[in-house]
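Source file input.txt; content: compact mmCIF, C-alpha atoms.
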# COMPACT_ATOMS: atom_id res chain seq x y z
CA MET A 233 -74.58 222.29 16.75
CA ASN A 234 -78.19 223.24 17.23
CA GLY A 235 -79.45 226.40 18.87
CA ARG A 236 -79.68 224.84 22.33
CA SER A 237 -76.08 223.66 22.23
CA ILE A 238 -74.83 227.06 21.10
CA ALA A 239 -76.73 228.77 23.93
CA LEU A 240 -75.26 226.36 26.48
CA VAL A 241 -71.71 226.88 25.20
CA VAL A 242 -72.02 230.69 25.16
CA THR A 243 -73.56 230.78 28.64
CA GLY A 244 -70.94 228.39 29.98
CA ALA A 245 -68.11 230.48 28.51
CA LEU A 246 -69.50 233.69 30.02
CA ALA A 247 -69.93 231.99 33.39
CA SER A 248 -66.34 230.74 33.26
CA ILE A 249 -65.07 234.26 32.52
CA LEU A 250 -67.09 235.63 35.45
CA ALA A 251 -65.73 232.87 37.68
CA ALA A 252 -62.16 233.71 36.71
CA GLY A 253 -62.77 237.35 37.65
CA LEU A 254 -64.28 236.41 41.01
CA LEU A 255 -61.40 234.05 41.79
CA ALA A 256 -58.87 236.75 40.86
CA VAL A 257 -60.60 239.33 43.11
CA GLY A 258 -60.81 236.80 45.93
CA GLY A 259 -57.16 235.84 45.60
CA LEU A 260 -56.08 239.49 45.57
CA ALA A 261 -58.19 240.28 48.65
CA LEU A 262 -56.79 237.30 50.56
CA TRP A 263 -53.25 238.25 49.56
CA GLY A 264 -53.88 241.81 50.75
CA ASP A 265 -55.27 240.51 54.03
CA SER A 266 -52.10 238.46 54.55
CA GLN A 267 -50.01 241.64 54.15
CA LYS A 268 -51.59 243.44 57.10
CA ASP A 269 -49.35 244.20 60.05
CA SER A 270 -50.14 243.30 63.67
CA ASP A 271 -52.31 246.44 64.00
CA GLY A 272 -54.43 245.53 60.97
CA TYR A 273 -52.97 248.14 58.59
CA LEU A 274 -52.00 247.71 54.96
CA SER A 275 -48.89 249.85 54.61
CA THR A 276 -46.60 251.13 51.90
CA ASP A 277 -42.86 250.63 52.01
CA THR A 278 -40.85 253.27 53.83
CA HIS A 279 -39.33 255.88 51.52
CA GLN A 280 -37.19 258.97 51.90
CA PHE A 281 -38.79 262.39 51.52
CA GLU A 282 -36.52 265.40 51.83
CA ALA A 283 -36.32 269.11 51.11
CA GLY A 284 -33.99 271.96 51.95
CA THR A 285 -36.93 274.14 53.00
CA ARG A 286 -38.69 274.38 56.37
CA ALA A 287 -41.65 272.12 55.58
CA LEU A 288 -42.90 269.34 53.35
CA ALA A 289 -46.59 269.54 52.49
CA THR A 290 -48.91 267.56 50.26
CA GLU A 291 -51.12 269.15 47.66
CA ASN A 292 -54.78 269.55 48.56
CA LEU A 293 -56.38 266.19 49.39
CA ASP A 294 -60.04 266.66 48.44
CA ILE A 295 -62.09 264.11 50.38
CA ASP A 296 -65.77 263.89 49.49
CA LEU A 297 -67.52 260.98 51.18
CA ASP A 298 -70.94 262.24 50.07
CA ALA A 299 -73.58 259.74 51.26
CA GLY A 300 -70.92 257.10 51.95
CA ASP A 301 -69.73 258.61 55.21
CA TRP A 302 -71.79 256.07 57.17
CA VAL A 303 -69.50 253.34 55.84
CA MET A 304 -66.55 254.99 57.58
CA ASP A 305 -68.34 254.63 60.91
CA THR A 306 -68.38 250.84 60.67
CA GLY A 307 -65.45 249.16 62.38
CA ASP A 308 -62.04 250.62 61.54
CA LEU A 309 -62.76 251.50 57.92
CA GLY A 310 -61.56 255.01 57.13
CA LYS A 311 -58.56 255.05 59.47
CA VAL A 312 -55.21 256.04 58.00
CA ARG A 313 -51.74 256.03 59.51
CA LEU A 314 -48.57 258.01 58.84
CA GLN A 315 -45.26 256.91 60.28
CA VAL A 316 -42.48 259.51 60.11
CA GLU A 317 -38.91 259.37 61.35
CA SER A 318 -36.09 261.86 60.91
CA ARG A 319 -33.04 260.52 59.11
CA ASP A 320 -30.69 262.87 61.02
CA ASP A 321 -32.11 262.20 64.52
CA LYS A 322 -33.84 265.56 64.81
CA PRO A 323 -37.21 265.71 66.60
CA VAL A 324 -39.85 265.60 63.88
CA PHE A 325 -43.43 266.85 63.48
CA VAL A 326 -46.26 265.44 61.36
CA GLY A 327 -49.73 266.94 61.21
CA ILE A 328 -52.95 267.03 59.17
CA ALA A 329 -54.96 270.24 58.83
CA ARG A 330 -57.41 271.99 56.54
CA THR A 331 -55.58 273.07 53.38
CA SER A 332 -56.63 276.70 53.87
CA ASP A 333 -55.13 276.69 57.38
CA VAL A 334 -51.91 275.10 56.09
CA ASP A 335 -51.68 277.74 53.35
CA ASN A 336 -52.00 280.50 55.97
CA TYR A 337 -49.50 278.81 58.30
CA LEU A 338 -46.90 278.44 55.54
CA ALA A 339 -47.49 281.83 53.88
CA GLY A 340 -44.11 283.53 53.52
CA VAL A 341 -42.32 280.41 54.75
CA SER A 342 -39.97 278.45 52.53
CA HIS A 343 -41.61 275.08 51.96
CA SER A 344 -41.91 272.28 49.41
CA THR A 345 -45.13 270.82 48.04
CA LEU A 346 -45.18 267.15 47.09
CA THR A 347 -46.63 267.02 43.57
CA ASP A 348 -46.04 263.47 42.36
CA VAL A 349 -44.78 260.10 43.57
CA SER A 350 -43.59 257.22 41.38
CA SER A 351 -43.37 253.77 42.92
CA SER A 352 -41.11 251.74 40.62
CA PRO A 353 -38.47 253.00 40.96
CA PHE A 354 -39.45 255.32 43.79
CA ASN A 355 -39.21 259.02 43.02
CA ALA A 356 -40.82 262.07 44.58
CA ASP A 357 -41.31 265.43 42.81
CA TYR A 358 -41.68 268.74 44.65
CA ASP A 359 -42.48 272.37 43.95
CA ASP A 360 -40.35 274.65 46.12
CA HIS A 361 -41.77 277.93 47.44
CA ALA A 362 -39.43 280.67 48.59
CA GLY A 363 -39.95 282.57 51.82
CA HIS A 364 -38.07 284.29 54.64
CA ARG A 365 -40.53 284.10 57.53
CA ARG A 366 -39.80 281.68 60.38
CA PRO A 367 -43.02 279.86 61.33
CA VAL A 368 -44.35 279.28 64.80
CA ALA A 369 -43.18 275.87 66.04
CA PRO A 370 -45.72 273.51 64.48
CA ALA A 371 -46.66 271.87 67.77
CA ASP A 372 -47.63 275.31 69.13
CA SER A 373 -50.08 275.93 66.29
CA HIS A 374 -53.75 275.07 66.83
CA ILE A 375 -54.66 274.34 63.20
CA TRP A 376 -54.09 270.58 63.30
CA ALA A 377 -56.88 268.03 63.22
CA ALA A 378 -54.30 265.44 64.28
CA SER A 379 -50.56 265.69 64.92
CA GLU A 380 -47.57 264.00 66.54
CA HIS A 381 -44.09 265.25 67.33
CA GLY A 382 -40.94 264.16 69.10
CA SER A 383 -37.75 262.16 68.70
CA GLY A 384 -37.69 258.81 66.93
CA LYS A 385 -40.51 257.37 64.86
CA GLN A 386 -43.78 259.27 65.14
CA THR A 387 -47.06 257.49 64.35
CA LEU A 388 -50.07 259.58 63.41
CA ASN A 389 -53.52 257.93 63.24
CA TRP A 390 -56.40 259.84 61.68
CA GLU A 391 -60.02 259.08 60.84
CA ILE A 392 -60.96 260.37 57.40
CA HIS A 393 -63.45 263.25 57.23
CA ASP A 394 -64.93 265.31 54.42
CA GLY A 395 -63.03 268.37 53.36
CA ASP A 396 -59.81 269.72 51.85
CA TRP A 397 -56.81 268.48 53.80
CA SER A 398 -53.03 268.69 53.65
CA VAL A 399 -50.34 266.70 55.42
CA VAL A 400 -47.32 268.62 56.74
CA VAL A 401 -43.96 267.21 57.87
CA MET A 402 -41.40 269.48 59.53
CA ASN A 403 -38.54 269.52 61.95
CA ALA A 404 -40.15 270.05 65.35
CA ASP A 405 -38.34 273.38 65.80
CA GLY A 406 -39.37 274.62 62.35
CA SER A 407 -35.80 274.71 61.06
CA ALA A 408 -34.88 274.23 57.41
CA GLY A 409 -33.64 270.95 56.00
CA VAL A 410 -36.32 268.25 56.33
CA ASP A 411 -35.05 264.72 55.77
CA THR A 412 -37.41 261.92 56.76
CA ASP A 413 -38.45 258.33 56.19
CA ILE A 414 -42.22 258.05 55.71
CA SER A 415 -44.68 255.19 55.27
CA THR A 416 -48.46 255.35 54.99
CA GLY A 417 -51.12 252.79 55.80
CA ALA A 418 -54.86 252.25 55.92
CA LYS A 419 -57.23 249.88 57.66
CA VAL A 420 -59.41 247.74 55.38
CA PRO A 421 -61.13 245.34 57.80
CA PHE A 422 -63.30 243.41 55.35
CA LEU A 423 -60.60 241.92 53.08
CA ASP A 424 -60.82 238.44 54.61
CA ASP A 425 -64.61 238.28 54.21
CA ILE A 426 -64.46 239.72 50.70
CA GLY A 427 -61.75 237.26 49.70
CA TRP A 428 -63.44 234.09 50.89
CA SER A 429 -66.84 235.20 49.56
CA ALA A 430 -65.37 235.90 46.12
CA VAL A 431 -63.44 232.61 46.07
CA GLY A 432 -66.53 230.64 47.11
CA SER A 433 -68.77 232.36 44.58
CA GLY A 434 -66.18 232.03 41.84
CA SER A 435 -65.75 228.30 42.50
CA PHE A 436 -69.50 227.74 42.32
CA VAL A 437 -69.89 229.74 39.11
CA LEU A 438 -66.90 227.91 37.59
CA ILE A 439 -68.54 224.54 38.27
CA VAL A 440 -71.80 225.74 36.71
CA GLY A 441 -69.96 227.15 33.69
CA ALA A 442 -68.01 223.93 33.15
CA ALA A 443 -71.20 221.89 33.36
CA LEU A 444 -72.92 224.09 30.78
CA LEU A 445 -69.93 223.79 28.45
CA VAL A 446 -69.94 220.00 28.73
CA MET A 447 -73.69 219.87 28.07
CA GLY A 448 -73.32 222.13 25.03
CA ILE A 449 -70.33 220.38 23.50
CA ARG A 450 -71.33 216.78 24.18
CA ARG A 451 -72.72 215.01 21.08
CA PRO A 452 -76.28 213.87 21.70
CA LYS A 453 -77.21 210.21 21.24
CA ASP A 454 -79.07 209.38 18.00
CA PRO A 455 -82.67 208.79 19.11
CA THR A 456 -83.45 206.70 15.97
CA GLY A 457 -80.87 204.05 16.74
CA THR A 458 -79.54 204.19 13.14
CA ALA A 459 -75.85 204.13 12.44
CA PRO A 460 -74.14 207.49 11.84
CA VAL A 461 -73.41 208.43 8.25
CA GLY A 462 -70.17 206.87 7.03
CA GLY A 463 -70.25 204.25 9.75
CA ALA A 464 -69.85 200.58 9.11
CA ALA A 465 -73.03 198.69 8.17
CA PRO A 466 -74.12 195.96 10.58
CA ALA A 467 -73.02 192.46 9.55
CA ALA A 468 -75.61 190.29 7.80
CA ALA A 469 -77.05 187.43 9.78

Same coordinates, now as structure tokens:
Amino acid sequence: MNGRSIALVVTGALASILAAGLLAVGGLALWGDSQKDSDGYLSTDTHQFEAGTRALATENLDIDLDAGDWVMDTGDLGKVRLQVESRDDKPVFVGIARTSDVDNYLAGVSHSTLTDVSSSPFNADYDDHAGHRRPVAPADSHIWAASEHGSGKQTLNWEIHDGDWSVVVMNADGSAGVDTDISTGAKVPFLDDIGWSAVGSGSFVLIVGAALLVMGIRRPKDPTGTAPVGGAAPAAA
């Protein structure tokens, strides 16, 4: 192979690898888009979260949008959803507040902090904090950026903002023994566009890569018209 053929083969191989990546991204995006529910959310499975204390809280969720906050203002991007339902039919509360406000609200109150979640198999780890103070009923507190409470499944929708945030789940009366089913979801409105764009681009790049490979591997015709070495000699007239 001469230098031109080698360059064509290498370029074609790289293009084919890029095409495979684009097709994989496109397929994943389209699959994700097909998993959205009727409200346009991609959601986790519902799992049990429980504690014998008065509250379940997440660790600090540090959200720093920096200069990307304008992206969250386009369409529904940046909206998250929490769905919470008590497993023992108690009225339930779910709220999101600044972590510093949550720390003050739960100071001296027995509560559990969610520290880690494993998905397969599902497992949740908590740090328990002792306390003897009974908190104000969560719905009566004014610290929440968003909250829902009541009987049955409660759905909390929240638009993401910069800052340090914590999610809190409690019995609505603040009593001990929290046992809930929880699922989370997020809106990602551009998956369909991303998927088809990636699939289209990947298909085009794959065609180009295949063509370059064929051009590089194909044996050129002998411009002199002489027989190849080792070939049969033409018959005498």

Mind pulling up the distance from CA of Trp397 in chain A to CA of Asn292 in chain A? 5.7 Å

Using all atoms listed in the file, can you tell me which of A:Thr290, A:Thr243, A:Ser433, A:Gln386 comes closest to Ile328 in chain A?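 Ranked by minimum distance to Ile328 in chain A, first place goes to A:Thr290.
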
For each of A:Gly327, A:Thr416, A:Asp321, A:Asp348, take the minimum atom-to-atom distance to Gly384 in chain A, counting only C-alpha atoms, then give the residue where this is smallest.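 For Gly384 in chain A, the nearest of the given residues is A:Asp321.
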
With distances taken over only C-alpha atoms, which residue among A:Val241, A:Gly235, A:Asp396, A:Gly409 lies nearest Leu444 in chain A? A:Val241

Which polymer residues have any atom within 10 Å of an atom of range 266-281 of chain A, counting only C-alpha atoms, with same-chain residues fewer than 2 positions away left out, as an NGL selection string? :A and (260-264 or 283 or 288 or 308 or 311-319 or 346 or 351 or 354-358 or 401 or 410-421 or 423-424)
